[in-house]
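Colleague: Just dropping this structure here.
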Amino acid sequence: MGANAQTSVPAFTAGQVLTAAQMTQVNTGIPVFASSTERDAAFGGTGEKTLAEGQYAFLEDTNETQVYDGSSWGAVSGGKILQVVSTAKTDTFSASVASGAVSGAAISASITPTSASSKVFILATISTDNSNTSDGSAVIYRGGSVLSGATGDSAGSRRRDTSGMDHETADGRVIPTGPIMYLDSPATTSATTYDIRLGTDSALTQTVYLNRSASNPDTSAASRPISTLTLVEVSA
């Protein structure tokens with residue numbers, strides 16, 4: 001429990017002389033509690049302030065400012081960035097992928113949301129190529145399962161992807177890079193892993209690559225790019 005955390009919200013009377021500890025508590029502004037348990041116990045008891053609409057409280061365990069609307073507690077208007085987790089992949093990745101399938105995780109990052117109501121904003125740049133001139137695709141996975149909300153609608157036999165990239169380059173030096181952005185609602189406070197997997201539109205099994213071209217020529221005209229995956233926790 002932090003230095004400003006309290007377990008009561010006393011209701012002072014006219015003419016009462018306040019102690020130094022009481023003045024310190026008043027000067028914290030918004031009452032600070034270790035958790036919702038201490039918050040709920042602090043209002044409405046003998047000698048305590050009666051809970052009323054518009055009362056604010058800060059919870060240390062979730063780092064969340066809340067307001068009472070007359071019937072329940074809720075988070076103060078969201079949009080605040082709570083944490084950022086980012087990974088940059090500078091080496092290469094490759095995998096053999098059958099038609100209609102995707103690779104394993106080409107790049108991944110994990111985040112532990114501080115509140116189950118938080119959203120996670122996913123930002124990524126993916127540099128990929130294939131072992132022929134077929135087009136490629138990328139799909140976001142969460143916790144080992146495809147994040148269906150981050151894919152296109154179901155349409156016949158078509159594979160549902162997060163993004164697609166044109167790989168039809170003949171010289172083997174240009175590596176297409178595609179941006180990905182998606183706002184997810186994982187509804188958890190457990191560690192959550194997001195990863196991006198690669199696919200191809202070929203009817204045959206192909207090799208997909210990250211951060212390198214298929215031919216990978218050792219020449220100054222060729223490039224070796226970077227891929228990134230950033231997870232931003234945003235309060236609801």
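By convention in this document, the chains of the structure tokens carry letters A, B, ... by their order, each chain's residues are numbered from 1, and ligands are numbered from 1 in the order they are shown.
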As number ranges by chain, please: every residue in stretch 67-115 of chain A that a backbone DSSP assignment puts in strand (DSSP E or B).

Modeller: A: 67-68, 73-75, 81-89, 93-97, 102-111

Colleague: Find, counting only C-alpha atoms, the residue in A:Gly70, A:Pro179, A:Gly199, A:Gly100 that gets nearest to A:Ser137.

Modeller: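 Of A:Gly70, A:Pro179, A:Gly199, A:Gly100, the one nearest A:Ser137 is A:Gly199, counting only C-alpha atoms.
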
Colleague: For A:Ile107, find every residue with an atom within 7 Å (counting only C-alpha atoms), except residues of its own chain fewer than 5 positions away, and show them as an MDAnalysis selection string.

Modeller: chainID A and resid 89 195:196

Colleague: Within 12 Å of stretch 57-64 of chain A, which residues of stretch 88-142 of chain A come that close, and what is the closest atom pair and distance in Å for each? Count only C-alpha atoms and give it as a Markdown table.

Modeller:
| residue | atom | partner | partner_atom | distance |
| --- | --- | --- | --- | --- |
| A:Thr112 | CA | A:Thr62 | CA | 11.7 |
| A:Pro113 | CA | A:Thr62 | CA | 9.4 |
| A:Thr114 | CA | A:Thr62 | CA | 5.6 |
| A:Ser115 | CA | A:Thr62 | CA | 6.1 |
| A:Ala116 | CA | A:Thr62 | CA | 9.5 |
| A:Ser117 | CA | A:Thr62 | CA | 10.6 |
| A:Ser118 | CA | A:Glu64 | CA | 10.6 |

Colleague: Could you tell me how far atom CA of A:Met181 lies from atom CA of A:Ala203, in Å and to one decimal?

Modeller: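 We find that atom CA of A:Met181 and atom CA of A:Ala203 lie 28.0 Å from each other.
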
Colleague: List every residue of chain A that DSSP, applied to the backbone of this structure, places in alpha helix (DSSP H), and write the result as a list in words.

Modeller: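 In chain A, DSSP puts these residues in alpha helix (DSSP H): Ala20, Ala21, Gln22, Met23, Thr24, Gln25, Val26, Ser36, Thr37, Glu38, Arg39, Asp40, Ala41 and Ala42 of chain A.
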
Colleague: How many Å separate atom CA of A:Gln206 from atom CA of A:Ala221?

Modeller: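 Going from atom CA of A:Gln206 over to atom CA of A:Ala221 covers 24.7 Å.
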
Colleague: Which residues are close to stretch 121-136 of chain A, i.e. within 8 Å by only C-alpha atoms, leaving aside same-chain residues fewer than 5 positions away? Reply as a tab-separated table (two decimals) with C-alpha atoms, in the first residue's frame.

Modeller:
chain	number	residue	atom	x	y	z
A	164	GLY	CA	-1.98	-8.40	-48.11
A	165	MET	CA	1.16	-7.36	-50.02
A	166	ASP	CA	2.16	-7.41	-53.67
A	167	HIS	CA	5.32	-9.51	-54.11
A	168	GLU	CA	5.50	-9.46	-57.87
A	169	THR	CA	9.06	-8.15	-58.22
A	170	ALA	CA	11.45	-9.84	-60.61
A	175	ILE	CA	11.13	-6.28	-50.26
A	176	PRO	CA	7.51	-5.12	-49.84
A	177	THR	CA	6.69	-3.61	-46.44
A	178	GLY	CA	3.13	-3.47	-45.15
A	179	PRO	CA	1.76	-1.50	-42.17
A	180	ILE	CA	-0.75	-3.06	-39.77
A	181	MET	CA	-2.95	-1.23	-37.23
A	182	TYR	CA	-5.74	-2.73	-35.14
A	183	LEU	CA	-7.44	-1.87	-31.82
A	184	ASP	CA	-8.12	-5.01	-29.78
A	198	LEU	CA	2.70	-15.00	-42.97
A	199	GLY	CA	0.87	-16.59	-45.90
A	200	THR	CA	0.95	-16.70	-49.69
A	201	ASP	CA	-1.65	-16.80	-52.48
A	202	SER	CA	0.18	-19.60	-54.30
A	206	GLN	CA	6.08	-21.83	-50.86
A	207	THR	CA	8.73	-20.42	-48.54
A	208	VAL	CA	7.81	-17.11	-46.91
A	209	TYR	CA	10.49	-14.74	-45.66
A	210	LEU	CA	10.65	-11.88	-43.19
A	211	ASN	CA	13.29	-9.13	-43.55
A	212	ARG	CA	14.85	-10.62	-46.69
A	213	SER	CA	13.99	-11.28	-50.30
A	214	ALA	CA	13.61	-14.78	-51.71
A	215	SER	CA	16.79	-14.63	-53.83
A	225	PRO	CA	14.91	-4.20	-43.65
A	226	ILE	CA	13.51	-4.29	-40.12
A	227	SER	CA	10.08	-5.46	-38.92
A	228	THR	CA	8.43	-4.13	-35.77
A	229	LEU	CA	5.50	-5.00	-33.52
A	230	THR	CA	4.27	-2.48	-30.92
A	231	LEU	CA	1.49	-3.01	-28.35
A	232	VAL	CA	-0.03	0.05	-26.67
A	233	GLU	CA	-2.37	-0.39	-23.69
A	234	VAL	CA	-5.05	2.31	-23.75
